[in-house]
Amino acid sequence: MNEVFQRTATAVAIEIEDLEYGYQPHGVMALGGVSFAIRRGEFVGIVGHNGAGKTTLLKTVVGLLLPTSGRVTVGGVDTRQTTVADLTTWVGFVSQNPDQQLFAQTVVEEIAFGPRNLGLSEEEIRERVAMGIAMTGLEEFRHEFPPALAKGDRARVVIASVLAMQPEIIILDEPTTGQDYRGSRQIMQIARRLHEEGRTVLVVTHDMALVAEYAERAIVLCRGQVLLDGTTATVFSQPEVLRRTHVMPPQITQLAQTLPPELGLPTDALTVEQLGQAVVERVGQRRTDVFYPRTDVFYPRVPLKCRDEGRDV
Amino acid sequence: MRQHKGQQEPYIVFDDVSYRYPGSGHAVKKHPYVLKHVSLTIHRGEFVAVLGENGAGKSTFCQALNGVVPHSRGGRMRGRVIVGGQDTQQATVAEMAQQVGIVLEDPEAQLFTTSVLSEVAFGPENLGVDPGEILRRARWALEVVRLTGYEDHPPTALSGGQKQRLAIAAALTMHPQVLVLDEATSQLDPLGTLEVFSVVRELNEQYKMTIVMATNKGEEVAEFCDRVLVLHKGELIAQGTPREVFADTELLQRVTIRAPQVSQLALYLAEREVPADKKRPADEKHPLAAGCSLSAGCSLSALPITLDEARRGIVQLMRGAD
């Protein structure tokens with residue numbers, strides 16, 4: 001229990017120092033000297049070209065891979081000093097392919113598996129399953145066979161089973177790959193809710209629109225090293241640098257960046273709403289100069305006989 | 001988006017096609033048919049995108065083009081699929097493979113040799129093509145996908161975008177008339193996605209290759225494709241130019257497909273009546289017509305779907321009203 005206290009007390013969720021990782025003794029280093037810290041409660045997007053080391057990085061955080069050199073600490077504890085099993089109660093990992101993580105006969109059993117292995121009481125297990133189901137909106141699928149569900153629903157089952165472990169940190173590895181628009185949104189909304197509850201969320205994705213809309217901070221990897229690290233607005237304001245790692249800002253940001261500055265629109269807009277609102281405001285401002293009849297304001301109807309000087313129509 | 005190229009020769013014909021996978025599991029009982037009464041025509045040299053939600057039948061549709069559906073999958077097919085005059089149910093998969101090349105979502109599922117060169121040579125080798133000709137085709141295909149110089153590299157050492165382009169090259173050495181790509185860019189980084197789209201467009205333009213591409217990338221579809229097919233629960237519920245489809249608000253409410261962000265912006269502004277042009281009668285069917293935000297000529301055809309159009313539209317809007 002001492003260890004638990006020690007972890008919850010720290011303000012840094014994940015600290016990575018000079019992390020190097022090579023898959024083979026003499027192979028190319030997948031990660032070559034990565035350092036950064038993630039505070040508790042941050043929502044971080046990790047982006048970069050295919051093969052930049054994003055998944056490798058995530059796997060070192062959940063303890064599936066141990067650093068070749070350098071250090072990874074999660075909640076103040078070095079991943080070398082602990083076990084993967086212990087880490088699962090701190091870091092939840094949703095892998096790229098949800099089907100790799102599904103094995104039970106029903107959704108409820110799938111979600112109950114983790115808590116049961118923690119040795120919790122049946123009552124506690126039931127509570128956690130109910131929580132996982134409620135967070136992911138899987139009520140109608142409770143007793144379904146997970147592999148028979150649609151892809152978006154399968155991904156949510158995996159997320160629910162990760163949430164049932166009540167991890168402090170949730171890591172999603174390309175959760176929207178192969179998901180349609182609706183599925184992507186649903187998953188990101190769950191991530192947002194977890195973040196609002198104060199949890200730390202890490203998302204790896206190639207979908208920059210989602211990073212711009214949901215994350216606060218972006219860490220950009222290129223060939224196993226950190227290329228950029230900052231707020232999403234700062235990171236996406238550097239398209240030339242991003243290009244080096246095969247990343248482009250979202251389309252709406254590209255539009256904002258290339259508009260003539262004299263229009264007075266924000267050149268760092270990250271979402272459709274942000275740029276849209278700015279246009280609405282600018283156009284609205286200009287209109288206040290001239291009389292402009294508005295249809296959305298109720299103008300009282302003037303009785304006809306007043307206008308016609310007493311003559312009853 | 002590109003203009004229609006005017007080719008009128010029907011190359012792919014779906015005539016009232018319905019299909020169900022074999023088996024009687026729970027999922028099958030719930031949705032017996034994954035394609036329902038699909039009828040359509042694709043002309044030679046068209047670049048067609050297939051949009052739809054997960055489970056709409058996009059992959060099944062793609063596999064029906066090279067006969068894998070129904071030949072390899074089993075199940076039951078009604079109606080006829082004709083590709084290049086051949087009925088896919090009469091022809092074998094091997095015969096269809098000479099006409100239709102297919103590239104899957106996961107390139108690793110279709111790469112299996114130890115070098116880039118042997119990978120692209122595999123198809124024509126199996127057709128008994130003359131070795132000199134195989135080498136010529138291989139060089140051409142690798143040049144098209146910009147992998148010249150990688151001949152001796154093991155495919156496993158390539159990046160995701162390169163692997164996907166290699167899978168395309170392997171399909172090209174078969175000299176197909178039709179190239180089908182099923183979510184072939186979904187695992188790629190943004191630039192890798194753009195690379196694949198532009199290579200495919202080159203093939204389409206230079207060799208008049210017919211392209212059918214199932215995808216979720218609205219922005220690239222708007223930029224590169226001639227026509228969009230929208231599948232929903234196995235039915236073909238809409239087809240048209242990218243502009244027609246991305247401006248169809250009723251359709252977009254029914255099916256959650258991803259419109260380009262610039263089209264979403266136009267819609268956002270139109271909903272707020274910017275600019276509020278009171279002289280123009282509101283067309284109730286199409287809200288943008290009541291005051292298309294990003295263009296002076298407010299009509300359906302003025303909806304911006306590409307970055308350049310949106311930029312011009314916004315500049316016009318912000319300056320025009322002064």
# chains A, B, ... in the order shown; residues from 1 in each chain; ligands from 1
>>> interface_residues(of="chain B", to="chain A", cutoff="7 Å", atoms="only C-alpha atoms", output="NGL selection string")
:B and (27 or 53-54 or 159-160 or 186-192 or 216 or 256-258 or 261-262 or 264-265 or 268-269 or 274 or 307 or 311 or 318)
>>> select_by_dssp(residues="stretch 55-242 of chain B", states="strand (DSSP E)", output="PDB file with N, CA and C atoms, in the first residue's frame")
ATOM      1  N   ARG B  76     -23.688 -16.911 -51.102  1.00  0.00           N
ATOM      2  CA  ARG B  76     -24.665 -16.935 -52.175  1.00  0.00           C
ATOM      3  C   ARG B  76     -24.737 -15.583 -52.859  1.00  0.00           C
ATOM      4  N   MET B  77     -24.643 -15.597 -54.170  1.00  0.00           N
ATOM      5  CA  MET B  77     -24.673 -14.354 -54.922  1.00  0.00           C
ATOM      6  C   MET B  77     -25.811 -14.365 -55.919  1.00  0.00           C
ATOM      7  N   ARG B  78     -26.528 -13.265 -55.930  1.00  0.00           N
ATOM      8  CA  ARG B  78     -27.581 -13.090 -56.941  1.00  0.00           C
ATOM      9  C   ARG B  78     -27.185 -11.923 -57.833  1.00  0.00           C
ATOM     10  N   GLY B  79     -27.714 -11.917 -59.024  1.00  0.00           N
ATOM     11  CA  GLY B  79     -27.376 -10.852 -59.958  1.00  0.00           C
ATOM     12  C   GLY B  79     -26.046 -11.139 -60.625  1.00  0.00           C
ATOM     13  N   ARG B  80     -25.544 -10.181 -61.410  1.00  0.00           N
ATOM     14  CA  ARG B  80     -24.310 -10.426 -62.162  1.00  0.00           C
ATOM     15  C   ARG B  80     -23.328  -9.279 -61.976  1.00  0.00           C
ATOM     16  N   VAL B  81     -22.039  -9.645 -61.914  1.00  0.00           N
ATOM     17  CA  VAL B  81     -20.978  -8.648 -61.937  1.00  0.00           C
ATOM     18  C   VAL B  81     -20.184  -8.867 -63.217  1.00  0.00           C
ATOM     19  N   ILE B  82     -20.129  -7.854 -64.057  1.00  0.00           N
ATOM     20  CA  ILE B  82     -19.376  -7.958 -65.305  1.00  0.00           C
ATOM     21  C   ILE B  82     -18.185  -7.004 -65.218  1.00  0.00           C
ATOM     22  N   VAL B  83     -16.984  -7.528 -65.425  1.00  0.00           N
ATOM     23  CA  VAL B  83     -15.806  -6.668 -65.462  1.00  0.00           C
ATOM     24  C   VAL B  83     -15.098  -6.903 -66.786  1.00  0.00           C
ATOM     25  N   GLN B  86     -16.342  -9.727 -68.835  1.00  0.00           N
ATOM     26  CA  GLN B  86     -16.337 -11.066 -68.250  1.00  0.00           C
ATOM     27  C   GLN B  86     -17.272 -11.137 -67.054  1.00  0.00           C
ATOM     28  N   ASP B  87     -18.081 -12.174 -67.011  1.00  0.00           N
ATOM     29  CA  ASP B  87     -18.934 -12.394 -65.854  1.00  0.00           C
ATOM     30  C   ASP B  87     -18.075 -13.028 -64.763  1.00  0.00           C
ATOM     31  N   VAL B 100      -7.972  -7.550 -62.809  1.00  0.00           N
ATOM     32  CA  VAL B 100      -8.240  -6.718 -61.642  1.00  0.00           C
ATOM     33  C   VAL B 100      -7.146  -6.927 -60.592  1.00  0.00           C
ATOM     34  N   GLY B 101      -6.424  -5.877 -60.274  1.00  0.00           N
ATOM     35  CA  GLY B 101      -5.430  -5.950 -59.200  1.00  0.00           C
ATOM     36  C   GLY B 101      -6.057  -5.428 -57.925  1.00  0.00           C
ATOM     37  N   ILE B 102      -5.700  -6.033 -56.794  1.00  0.00           N
ATOM     38  CA  ILE B 102      -6.308  -5.573 -55.554  1.00  0.00           C
ATOM     39  C   ILE B 102      -5.231  -5.326 -54.498  1.00  0.00           C
ATOM     40  N   VAL B 103      -5.408  -4.253 -53.743  1.00  0.00           N
ATOM     41  CA  VAL B 103      -4.478  -3.891 -52.679  1.00  0.00           C
ATOM     42  C   VAL B 103      -5.286  -3.769 -51.391  1.00  0.00           C
ATOM     43  N   VAL B 178      -8.046  -2.784 -64.046  1.00  0.00           N
ATOM     44  CA  VAL B 178      -8.713  -2.161 -62.907  1.00  0.00           C
ATOM     45  C   VAL B 178      -7.826  -2.339 -61.679  1.00  0.00           C
ATOM     46  N   LEU B 179      -7.666  -1.273 -60.908  1.00  0.00           N
ATOM     47  CA  LEU B 179      -6.942  -1.384 -59.646  1.00  0.00           C
ATOM     48  C   LEU B 179      -7.924  -1.092 -58.513  1.00  0.00           C
ATOM     49  N   VAL B 180      -8.059  -2.068 -57.602  1.00  0.00           N
ATOM     50  CA  VAL B 180      -8.988  -1.918 -56.488  1.00  0.00           C
ATOM     51  C   VAL B 180      -8.169  -1.742 -55.212  1.00  0.00           C
ATOM     52  N   LEU B 181      -8.468  -0.712 -54.443  1.00  0.00           N
ATOM     53  CA  LEU B 181      -7.754  -0.494 -53.191  1.00  0.00           C
ATOM     54  C   LEU B 181      -8.769  -0.467 -52.049  1.00  0.00           C
ATOM     55  N   ASP B 182      -8.608  -1.424 -51.130  1.00  0.00           N
ATOM     56  CA  ASP B 182      -9.569  -1.528 -50.032  1.00  0.00           C
ATOM     57  C   ASP B 182      -8.948  -0.943 -48.761  1.00  0.00           C
ATOM     58  N   THR B 210      -8.659   2.018 -64.562  1.00  0.00           N
ATOM     59  CA  THR B 210      -9.868   2.267 -63.793  1.00  0.00           C
ATOM     60  C   THR B 210      -9.550   2.016 -62.318  1.00  0.00           C
ATOM     61  N   ILE B 211      -9.908   2.963 -61.455  1.00  0.00           N
ATOM     62  CA  ILE B 211      -9.562   2.844 -60.042  1.00  0.00           C
ATOM     63  C   ILE B 211     -10.832   2.767 -59.188  1.00  0.00           C
ATOM     64  N   VAL B 212     -10.873   1.791 -58.310  1.00  0.00           N
ATOM     65  CA  VAL B 212     -11.964   1.713 -57.330  1.00  0.00           C
ATOM     66  C   VAL B 212     -11.310   1.694 -55.956  1.00  0.00           C
ATOM     67  N   MET B 213     -11.642   2.674 -55.121  1.00  0.00           N
ATOM     68  CA  MET B 213     -10.922   2.825 -53.867  1.00  0.00           C
ATOM     69  C   MET B 213     -11.886   2.987 -52.699  1.00  0.00           C
ATOM     70  N   ALA B 214     -11.932   1.983 -51.830  1.00  0.00           N
ATOM     71  CA  ALA B 214     -12.731   2.107 -50.609  1.00  0.00           C
ATOM     72  C   ALA B 214     -11.890   2.857 -49.588  1.00  0.00           C
ATOM     73  N   ARG B 227     -15.682  10.310 -58.913  1.00  0.00           N
ATOM     74  CA  ARG B 227     -17.041   9.942 -58.536  1.00  0.00           C
ATOM     75  C   ARG B 227     -17.003   9.209 -57.202  1.00  0.00           C
ATOM     76  N   VAL B 228     -18.086   9.329 -56.463  1.00  0.00           N
ATOM     77  CA  VAL B 228     -18.182   8.703 -55.157  1.00  0.00           C
ATOM     78  C   VAL B 228     -19.408   7.787 -55.127  1.00  0.00           C
ATOM     79  N   LEU B 229     -19.212   6.571 -54.622  1.00  0.00           N
ATOM     80  CA  LEU B 229     -20.345   5.682 -54.370  1.00  0.00           C
ATOM     81  C   LEU B 229     -20.512   5.605 -52.862  1.00  0.00           C
ATOM     82  N   VAL B 230     -21.727   5.716 -52.379  1.00  0.00           N
ATOM     83  CA  VAL B 230     -21.949   5.607 -50.937  1.00  0.00           C
ATOM     84  C   VAL B 230     -22.744   4.339 -50.661  1.00  0.00           C
ATOM     85  N   LEU B 231     -22.127   3.433 -49.907  1.00  0.00           N
ATOM     86  CA  LEU B 231     -22.811   2.207 -49.515  1.00  0.00           C
ATOM     87  C   LEU B 231     -23.305   2.372 -48.084  1.00  0.00           C
ATOM     88  N   HIS B 232     -24.491   1.856 -47.821  1.00  0.00           N
ATOM     89  CA  HIS B 232     -25.039   1.912 -46.476  1.00  0.00           C
ATOM     90  C   HIS B 232     -25.809   0.635 -46.223  1.00  0.00           C
ATOM     91  N   GLU B 235     -26.563  -1.389 -49.222  1.00  0.00           N
ATOM     92  CA  GLU B 235     -27.245  -0.778 -50.357  1.00  0.00           C
ATOM     93  C   GLU B 235     -26.444   0.397 -50.896  1.00  0.00           C
ATOM     94  N   LEU B 236     -26.548   0.580 -52.209  1.00  0.00           N
ATOM     95  CA  LEU B 236     -25.944   1.761 -52.813  1.00  0.00           C
ATOM     96  C   LEU B 236     -26.957   2.890 -52.648  1.00  0.00           C
ATOM     97  N   ILE B 237     -26.706   3.810 -51.705  1.00  0.00           N
ATOM     98  CA  ILE B 237     -27.740   4.809 -51.432  1.00  0.00           C
ATOM     99  C   ILE B 237     -27.475   6.144 -52.113  1.00  0.00           C
ATOM    100  N   ALA B 238     -26.278   6.352 -52.617  1.00  0.00           N
ATOM    101  CA  ALA B 238     -26.025   7.602 -53.331  1.00  0.00           C
ATOM    102  C   ALA B 238     -24.805   7.439 -54.216  1.00  0.00           C
ATOM    103  N   GLN B 239     -24.762   8.184 -55.280  1.00  0.00           N
ATOM    104  CA  GLN B 239     -23.556   8.295 -56.077  1.00  0.00           C
ATOM    105  C   GLN B 239     -23.549   9.636 -56.780  1.00  0.00           C
ATOM    106  N   GLY B 240     -22.372  10.156 -56.999  1.00  0.00           N
ATOM    107  CA  GLY B 240     -22.263  11.452 -57.651  1.00  0.00           C
ATOM    108  C   GLY B 240     -20.833  11.946 -57.557  1.00  0.00           C
TER     109      GLY B 240
END
>>> select_by_dssp(residues="stretch 21-67 of chain B", states="alpha helix (DSSP H)", output="MDAnalysis selection string")
chainID B and resid 26:30 58:65
>>> write_last_selection(atoms="C-alpha atoms", output="tab-separated table (two decimals), in the first residue's frame")
chain	number	residue	atom	x	y	z
B	26	HIS	CA	-25.68	-14.99	-35.05
B	27	ALA	CA	-24.30	-12.08	-37.05
B	28	VAL	CA	-25.37	-13.72	-40.30
B	29	LYS	CA	-28.95	-14.18	-39.14
B	30	LYS	CA	-29.11	-10.56	-38.13
B	58	LYS	CA	-17.25	-1.87	-48.91
B	59	SER	CA	-14.80	-4.76	-48.64
B	60	THR	CA	-17.33	-7.24	-49.98
B	61	PHE	CA	-17.94	-4.88	-52.90
B	62	CYS	CA	-14.19	-4.68	-53.58
B	63	GLN	CA	-13.80	-8.44	-53.48
B	64	ALA	CA	-16.75	-8.90	-55.81
B	65	LEU	CA	-14.73	-7.04	-58.45
>>> residues_around(residues="B:Lys36", least_positions_apart="3", cutoff="7 Å", atoms="only C-alpha atoms", output="PDB file with N, CA and C atoms, in the first residue's frame")
ATOM      1  N   VAL B  17     -27.027  -6.880 -57.819  1.00  0.00           N
ATOM      2  CA  VAL B  17     -26.193  -7.835 -57.092  1.00  0.00           C
ATOM      3  C   VAL B  17     -26.557  -7.869 -55.609  1.00  0.00           C
ATOM      4  N   SER B  18     -26.866  -9.062 -55.122  1.00  0.00           N
ATOM      5  CA  SER B  18     -27.044  -9.279 -53.687  1.00  0.00           C
ATOM      6  C   SER B  18     -26.109 -10.410 -53.296  1.00  0.00           C
ATOM      7  N   TYR B  19     -25.569 -10.317 -52.083  1.00  0.00           N
ATOM      8  CA  TYR B  19     -24.615 -11.354 -51.675  1.00  0.00           C
ATOM      9  C   TYR B  19     -24.701 -11.599 -50.175  1.00  0.00           C
ATOM     10  N   TYR B  33     -27.867 -10.359 -45.837  1.00  0.00           N
ATOM     11  CA  TYR B  33     -27.214  -9.937 -47.063  1.00  0.00           C
ATOM     12  C   TYR B  33     -26.291  -8.745 -46.806  1.00  0.00           C
ATOM     13  N   GLY B 234     -25.210  -2.300 -47.011  1.00  0.00           N
ATOM     14  CA  GLY B 234     -25.272  -3.162 -48.188  1.00  0.00           C
ATOM     15  C   GLY B 234     -25.966  -2.569 -49.393  1.00  0.00           C
ATOM     16  N   GLU B 235     -26.563  -1.389 -49.222  1.00  0.00           N
ATOM     17  CA  GLU B 235     -27.245  -0.778 -50.357  1.00  0.00           C
ATOM     18  C   GLU B 235     -26.444   0.397 -50.896  1.00  0.00           C
TER      19      GLU B 235
END
>>> closest_residue(among="A:Thr231, A:Thr60, A:Thr136, A:Gln225", to="A:Gln186", atoms="only C-alpha atoms")
A:Thr136
>>> atom_distance(atom1="atom CA of A:Ala160", atom2="atom CA of A:Val107")
9.2 Å
>>> closest_residue(among="A:Ala130, A:Ala112, A:Val204, A:Leu19", to="A:Gly70", atoms="only C-alpha atoms")
A:Leu19
